[in-house]
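target_21.cif, holding mmCIF, C-alpha atoms:
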data_model
#
loop_
_atom_site.label_atom_id
_atom_site.label_comp_id
_atom_site.auth_asym_id
_atom_site.auth_seq_id
_atom_site.Cartn_x
_atom_site.Cartn_y
_atom_site.Cartn_z
CA MET I 1 110.00 90.48 90.26
CA SER I 2 109.16 89.03 86.88
CA GLU I 3 106.57 90.52 84.54
CA THR I 4 104.46 87.37 85.07
CA GLY I 5 104.64 87.80 88.85
CA LEU I 6 103.72 91.46 88.58
CA GLU I 7 100.74 90.72 86.32
CA SER I 8 99.56 87.95 88.66
CA LEU I 9 99.87 90.31 91.63
CA ARG I 10 97.87 93.01 89.80
CA GLU I 11 95.11 90.50 89.07
CA HIS I 12 95.04 89.44 92.72
CA ILE I 13 94.74 93.05 93.92
CA GLU I 14 91.99 93.78 91.39
CA GLY I 15 90.06 90.82 92.83
CA LEU I 16 90.12 92.14 96.43
CA PRO I 17 86.92 93.54 97.99
CA GLY I 18 86.17 97.14 96.98
CA GLY I 19 86.66 98.67 100.42
CA LEU I 20 90.04 97.00 100.82
CA ARG I 21 91.13 98.10 97.34
CA ARG I 22 90.13 101.68 98.17
CA HIS I 23 92.14 101.49 101.41
CA ILE I 24 95.17 100.16 99.52
CA GLU I 25 94.86 102.94 96.94
CA ALA I 26 94.72 105.52 99.76
CA VAL I 27 97.79 103.93 101.37
CA VAL I 28 99.61 104.12 98.02
CA ALA I 29 98.88 107.86 97.80
CA GLU I 30 99.84 108.50 101.44
CA ALA I 31 103.01 106.41 101.11
CA ARG I 32 104.00 108.35 98.00
CA ARG I 33 103.42 111.64 99.85
CA LEU I 34 105.44 110.60 102.90
CA ALA I 35 108.19 109.05 100.75
CA ARG I 36 108.67 112.39 98.98
CA LEU I 37 108.80 114.26 102.29
CA HIS I 38 111.38 111.88 103.79
CA GLY I 39 113.60 111.09 100.81
CA VAL I 40 112.42 107.49 100.45
CA ASP I 41 112.42 105.81 97.02
CA GLU I 42 108.85 106.39 95.81
CA GLU I 43 108.79 103.34 93.55
CA ARG I 44 109.63 101.03 96.44
CA ALA I 45 107.13 102.81 98.71
CA VAL I 46 104.41 102.39 96.11
CA MET I 47 105.27 98.70 95.60
CA ALA I 48 105.19 98.13 99.36
CA ALA I 49 101.85 99.94 99.64
CA TRP I 50 100.24 97.89 96.86
CA THR I 51 101.38 94.62 98.45
CA HIS I 52 100.97 95.15 102.21
CA ASP I 53 97.33 93.97 102.51
CA ILE I 54 97.10 91.29 99.82
CA VAL I 55 95.65 88.74 102.28
CA ARG I 56 93.84 91.16 104.62
CA ALA I 57 90.45 89.86 103.44
CA THR I 58 91.37 86.24 104.23
CA ASP I 59 89.30 84.73 107.03
CA PRO I 60 91.03 84.08 110.38
CA GLU I 61 90.98 80.28 110.20
CA GLU I 62 92.54 80.36 106.73
CA LEU I 63 95.21 82.82 107.92
CA LEU I 64 96.11 80.42 110.73
CA ARG I 65 96.21 77.48 108.33
CA LEU I 66 98.41 79.39 105.88
CA ALA I 67 100.70 80.60 108.66
CA HIS I 68 101.32 77.04 109.81
CA GLU I 69 101.67 75.78 106.23
CA LEU I 70 104.24 78.52 105.50
CA GLY I 71 106.23 77.71 108.66
CA LEU I 72 105.50 80.94 110.52
CA ASN I 73 104.88 79.43 113.97
CA PRO I 74 102.32 81.97 115.26
CA ASN I 75 102.72 83.11 118.86
CA GLU I 76 99.89 83.04 121.44
CA ILE I 77 98.72 86.54 120.55
CA GLU I 78 98.59 85.74 116.82
CA GLU I 79 96.74 82.50 117.54
CA ALA I 80 94.18 84.49 119.55
CA ALA I 81 93.96 87.28 116.93
CA PRO I 82 94.80 85.69 113.56
CA ILE I 83 94.24 88.97 111.71
CA LEU I 84 97.73 89.89 112.96
CA LEU I 85 99.04 87.16 110.66
CA HIS I 86 97.94 88.86 107.44
CA GLY I 87 101.26 90.71 107.22
CA PRO I 88 103.58 87.76 107.86
CA VAL I 89 101.52 85.52 105.55
CA ALA I 90 101.55 88.21 102.84
CA ALA I 91 105.34 88.51 103.06
CA ARG I 92 105.79 84.77 102.52
CA LEU I 93 103.29 84.67 99.65
CA LEU I 94 104.84 87.72 97.99
CA THR I 95 108.05 85.73 97.67
CA SER I 96 106.65 82.30 96.81
CA ARG I 97 103.75 83.28 94.52
CA TYR I 98 104.81 86.60 93.03
CA GLY I 99 108.60 86.56 93.11
CA VAL I 100 109.10 89.67 95.27
CA GLU I 101 112.71 89.64 96.45
CA ASP I 102 113.13 93.15 97.90
CA GLU I 103 113.76 92.39 101.59
CA GLU I 104 112.65 95.83 102.72
CA VAL I 105 109.34 95.58 100.82
CA LEU I 106 108.84 92.14 102.39
CA ALA I 107 109.60 93.60 105.84
CA VAL I 108 106.95 96.27 105.24
CA ALA I 109 104.37 93.58 104.49
CA ARG I 110 105.40 91.46 107.45
CA TRP I 111 105.38 94.16 110.15
CA HIS I 112 102.99 96.85 108.87
CA SER I 113 100.34 95.95 111.46
CA THR I 114 102.51 95.83 114.55
CA GLY I 115 105.71 97.66 113.74
CA ARG I 116 108.98 96.26 115.09
CA ALA I 117 112.27 97.33 116.60
CA GLY I 118 114.74 98.32 113.91
CA MET I 119 112.22 99.58 111.35
CA SER I 120 113.74 101.20 108.28
CA THR I 121 112.53 104.58 107.07
CA LEU I 122 110.52 102.82 104.35
CA GLU I 123 108.86 100.61 106.99
CA LYS I 124 107.97 103.67 109.08
CA VAL I 125 106.53 105.46 106.03
CA LEU I 126 104.29 102.48 105.24
CA PHE I 127 103.36 101.78 108.85
CA LEU I 128 102.08 105.34 109.14
CA ALA I 129 100.53 105.48 105.67
CA ASP I 130 98.47 102.40 106.59
CA LYS I 131 97.34 103.87 109.90
CA VAL I 132 96.62 107.49 108.95
CA GLU I 133 95.55 107.46 105.32
CA PRO I 134 92.74 110.01 104.90
CA GLY I 135 89.94 107.42 105.02
CA LYS I 136 91.07 106.20 108.44
CA ALA I 137 92.04 109.60 109.82
CA ALA I 138 88.85 111.43 108.78
CA GLY I 139 86.99 112.63 111.84
CA ARG I 140 89.67 111.41 114.25
CA ALA I 141 91.66 114.29 115.70
CA ASP I 142 94.26 111.92 117.16
CA LEU I 143 95.00 110.32 113.77
CA GLU I 144 94.95 113.69 111.99
CA GLU I 145 97.53 114.90 114.52
CA ILE I 146 99.73 111.86 113.81
CA ARG I 147 99.30 112.39 110.06
CA ARG I 148 100.56 115.97 110.39
CA LEU I 149 103.41 114.92 112.70
CA ALA I 150 104.49 112.28 110.15
CA GLU I 151 105.29 115.06 107.70
CA THR I 152 108.24 116.19 109.82
CA ASP I 153 108.93 113.49 112.43
CA LEU I 154 108.43 109.85 111.43
CA ASP I 155 109.76 108.46 114.70
CA GLY I 156 107.56 110.78 116.74
CA ALA I 157 104.52 109.86 114.66
CA VAL I 158 105.15 106.10 114.97
CA LEU I 159 105.68 106.48 118.72
CA ARG I 160 102.50 108.55 119.07
CA TYR I 161 100.51 105.91 117.15
CA LEU I 162 101.96 103.10 119.26
CA ASP I 163 101.06 105.08 122.41
CA LEU I 164 97.45 105.34 121.17
CA GLN I 165 97.44 101.63 120.39
CA LEU I 166 98.72 100.89 123.91
CA VAL I 167 95.99 102.98 125.53
CA ASP I 168 93.34 101.26 123.36
CA ALA I 169 94.69 97.81 124.18
CA VAL I 170 94.74 98.49 127.93
CA GLY I 171 91.26 100.02 127.80
CA GLN I 172 89.85 97.06 125.87
CA GLY I 173 91.77 94.42 127.82
CA TRP I 174 93.64 93.26 124.71
CA PRO I 175 97.12 91.75 124.76
CA LEU I 176 99.94 93.72 123.15
CA HIS I 177 101.92 92.15 120.34
CA PRO I 178 105.58 91.80 121.37
CA ASP I 179 106.75 93.43 118.13
CA ALA I 180 104.66 96.55 118.84
CA VAL I 181 106.06 96.68 122.38
CA ALA I 182 109.62 96.32 121.06
CA ALA I 183 109.05 99.07 118.46
CA ARG I 184 107.64 101.44 121.07
CA ASN I 185 110.38 100.71 123.60
CA GLU I 186 113.13 101.28 121.03
CA LEU I 187 111.66 104.58 119.84
CA LEU I 188 110.98 105.76 123.38
CA LEU I 189 114.50 104.95 124.56
CA THR I 190 116.10 106.49 121.49
CA ARG I 191 114.14 109.72 121.92
CA GLN I 192 115.07 109.81 125.61
CA GLY I 193 118.74 109.41 124.70
CA GLY I 194 119.03 105.88 126.04
CA GLY I 195 119.07 103.96 122.77
#
Kindly return the structure encoded in the file as structure tokens.
Amino acid sequence: MSETGLESLREHIEGLPGGLRRHIEAVVAEARRLARLHGVDEERAVMAAWTHDIVRATDPEELLRLAHELGLNPNEIEEAAPILLHGPVAARLLTSRYGVEDEEVLAVARWHSTGRAGMSTLEKVLFLADKVEPGKAAGRADLEEIRRLAETDLDGAVLRYLDLQLVDAVGQGWPLHPDAVAARNELLLTRQGGG
């Protein structure tokens, strides 16, 4: 990433709504903490954390427009819930606008909302940091439990979060994103000795 790209990215992040910036800052701190615990390169974890939500504040219609413009071909679930596109759109924009070339950092941005089968350790660190940073976990025993579990068992923590997400989706009558289903199935089978 060039110095110009980095400066442009910093300016973009500084222009995000205050609540989103505070969330990103909390994710940076949580990602750094989990990276240290799991032997992940802190610099890459921090970069991924700063960049994962760069288009989270974009309205749904604009996310859909950008997704089509960037050749993402949203599936039915993403068309129905365009907020799920903020990761894939961010990954494309990180490359085209800001010159980010680190494939793993781009994967973090792309799949941080849903997870996916084959997540790297860095992706798992950021997936969890985004879900259980202190601002989100405060007052929620289930998320606090996952946050503690993430200190020693990333796979178990991701699986536990995906289980919670599944229960919420079924209870609310929401469709499940195929990438979240694939991530859960892979982790479940691996932990059961079948993967």
Might you pull out every residue within 8 Å of segment 46-51 of chain I, with only C-alpha atoms counted and same-chain residues fewer than 3 positions away left off, and present them as a list of chain:residue names? I:Ile13, I:Ile24, I:Glu25, I:Val27, I:Val28, I:Ala29, I:Ala31, I:Arg32, I:Glu42, I:Glu43, I:Ile54, I:Ala90, I:Leu94, I:Val105, I:Leu106, I:Val108, I:Ala109, I:Leu126
Would you translate the PyMOL selection byres ((chain I and resi 156-163) around 8) into the concrete set of residues it matches in this file, as a PyMOL selection string? chain I and resi 124+127-128+143+146-147+149-150+153-155+164-167+180+184+187-188
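In terms of minimum interatomic distance to Ala67 of chain I, I:Leu84 ranks closest within I:Leu37, I:Leu84, I:Arg140, I:Ala129, counting only C-alpha atoms.
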Give as a PyMOL selection string the residues that the PyMOL selection byres ((chain I and resi 181-183) around 8) matches when applied to the coordinates above. chain I and resi 115-119+176-180+184-187
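With only C-alpha atoms as the atoms that count, the minimum distance from Lys131 of chain I to the choices I:His52, I:His68, I:His86, I:His112 is reached by I:His112.
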Expansion of the PyMOL selection byres ((chain I and resi 78) around 12) into residues, as a VMD selection string: chain I and resid 60 to 61 63 to 64 67 to 68 72 to 77 79 to 89 113 to 114 174 to 179
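Interatomic distance, atom CA of Trp111 of chain I to atom CA of Arg21 of chain I: 19.6 Å.
With only C-alpha atoms as the atoms that count, the residue of I:Gly135, I:Gly39, I:Gly171, I:Gly71 with the shortest distance to Glu151 of chain I is I:Gly39.
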Per-axis box centre and lengths in Å around segment 76-86 of chain I, 3 Å margin per side, axis-aligned, as AutoDock Vina command-line options:
--center_x 96.9 --center_y 86.2 --center_z 114.4 --size_x 11.9 --size_y 13.4 --size_z 20.0
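The closest residue to Arg36 of chain I, picked from I:Val170, I:Ala138, I:Ala91, I:Leu122 and counting only C-alpha atoms, is I:Leu122.
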Kindly reconstruct segment 29-49 of chain I with N, CA and C atoms and present the result as a PDB file, keeping the file's coordinate frame.
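result.pdb, freshly written:
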ATOM      1  N   ALA I  29      98.753 106.399  97.901  1.00  0.00           N
ATOM      2  CA  ALA I  29      98.880 107.860  97.800  1.00  0.00           C
ATOM      3  C   ALA I  29      99.581 108.450  99.015  1.00  0.00           C
ATOM      4  N   GLU I  30      99.215 107.984 100.210  1.00  0.00           N
ATOM      5  CA  GLU I  30      99.840 108.500 101.440  1.00  0.00           C
ATOM      6  C   GLU I  30     101.304 108.084 101.510  1.00  0.00           C
ATOM      7  N   ALA I  31     101.623 106.869 101.112  1.00  0.00           N
ATOM      8  CA  ALA I  31     103.010 106.410 101.110  1.00  0.00           C
ATOM      9  C   ALA I  31     103.854 107.229 100.138  1.00  0.00           C
ATOM     10  N   ARG I  32     103.289 107.521  98.986  1.00  0.00           N
ATOM     11  CA  ARG I  32     104.000 108.350  98.000  1.00  0.00           C
ATOM     12  C   ARG I  32     104.283 109.733  98.593  1.00  0.00           C
ATOM     13  N   ARG I  33     103.282 110.312  99.241  1.00  0.00           N
ATOM     14  CA  ARG I  33     103.420 111.640  99.850  1.00  0.00           C
ATOM     15  C   ARG I  33     104.508 111.645 100.921  1.00  0.00           C
ATOM     16  N   LEU I  34     104.447 110.660 101.826  1.00  0.00           N
ATOM     17  CA  LEU I  34     105.440 110.600 102.900  1.00  0.00           C
ATOM     18  C   LEU I  34     106.827 110.245 102.374  1.00  0.00           C
ATOM     19  N   ALA I  35     106.891 109.406 101.352  1.00  0.00           N
ATOM     20  CA  ALA I  35     108.190 109.050 100.750  1.00  0.00           C
ATOM     21  C   ALA I  35     108.866 110.306 100.209  1.00  0.00           C
ATOM     22  N   ARG I  36     108.104 111.140  99.516  1.00  0.00           N
ATOM     23  CA  ARG I  36     108.670 112.390  98.980  1.00  0.00           C
ATOM     24  C   ARG I  36     109.194 113.278 100.103  1.00  0.00           C
ATOM     25  N   LEU I  37     108.421 113.385 101.174  1.00  0.00           N
ATOM     26  CA  LEU I  37     108.800 114.260 102.290  1.00  0.00           C
ATOM     27  C   LEU I  37     110.049 113.772 103.014  1.00  0.00           C
ATOM     28  N   HIS I  38     110.285 112.459 102.992  1.00  0.00           N
ATOM     29  CA  HIS I  38     111.380 111.880 103.790  1.00  0.00           C
ATOM     30  C   HIS I  38     112.495 111.265 102.958  1.00  0.00           C
ATOM     31  N   GLY I  39     112.503 111.551 101.651  1.00  0.00           N
ATOM     32  CA  GLY I  39     113.600 111.090 100.810  1.00  0.00           C
ATOM     33  C   GLY I  39     113.657 109.579 100.624  1.00  0.00           C
ATOM     34  N   VAL I  40     112.502 108.934 100.652  1.00  0.00           N
ATOM     35  CA  VAL I  40     112.420 107.490 100.450  1.00  0.00           C
ATOM     36  C   VAL I  40     112.107 107.225  98.980  1.00  0.00           C
ATOM     37  N   ASP I  41     112.676 106.188  98.407  1.00  0.00           N
ATOM     38  CA  ASP I  41     112.420 105.810  97.020  1.00  0.00           C
ATOM     39  C   ASP I  41     110.910 105.597  96.822  1.00  0.00           C
ATOM     40  N   GLU I  42     110.304 106.455  96.010  1.00  0.00           N
ATOM     41  CA  GLU I  42     108.850 106.390  95.810  1.00  0.00           C
ATOM     42  C   GLU I  42     108.401 105.087  95.180  1.00  0.00           C
ATOM     43  N   GLU I  43     109.165 104.576  94.241  1.00  0.00           N
ATOM     44  CA  GLU I  43     108.790 103.340  93.550  1.00  0.00           C
ATOM     45  C   GLU I  43     108.692 102.178  94.544  1.00  0.00           C
ATOM     46  N   ARG I  44     109.662 102.102  95.439  1.00  0.00           N
ATOM     47  CA  ARG I  44     109.630 101.030  96.440  1.00  0.00           C
ATOM     48  C   ARG I  44     108.490 101.254  97.431  1.00  0.00           C
ATOM     49  N   ALA I  45     108.237 102.512  97.804  1.00  0.00           N
ATOM     50  CA  ALA I  45     107.130 102.810  98.710  1.00  0.00           C
ATOM     51  C   ALA I  45     105.799 102.427  98.084  1.00  0.00           C
ATOM     52  N   VAL I  46     105.647 102.736  96.813  1.00  0.00           N
ATOM     53  CA  VAL I  46     104.410 102.390  96.110  1.00  0.00           C
ATOM     54  C   VAL I  46     104.254 100.870  96.017  1.00  0.00           C
ATOM     55  N   MET I  47     105.333 100.168  95.677  1.00  0.00           N
ATOM     56  CA  MET I  47     105.270  98.700  95.600  1.00  0.00           C
ATOM     57  C   MET I  47     104.891  98.117  96.957  1.00  0.00           C
ATOM     58  N   ALA I  48     105.504  98.624  98.018  1.00  0.00           N
ATOM     59  CA  ALA I  48     105.190  98.130  99.360  1.00  0.00           C
ATOM     60  C   ALA I  48     103.732  98.411  99.710  1.00  0.00           C
ATOM     61  N   ALA I  49     103.243  99.580  99.336  1.00  0.00           N
ATOM     62  CA  ALA I  49     101.850  99.940  99.640  1.00  0.00           C
ATOM     63  C   ALA I  49     100.872  99.033  98.895  1.00  0.00           C
TER      64      ALA I  49
END
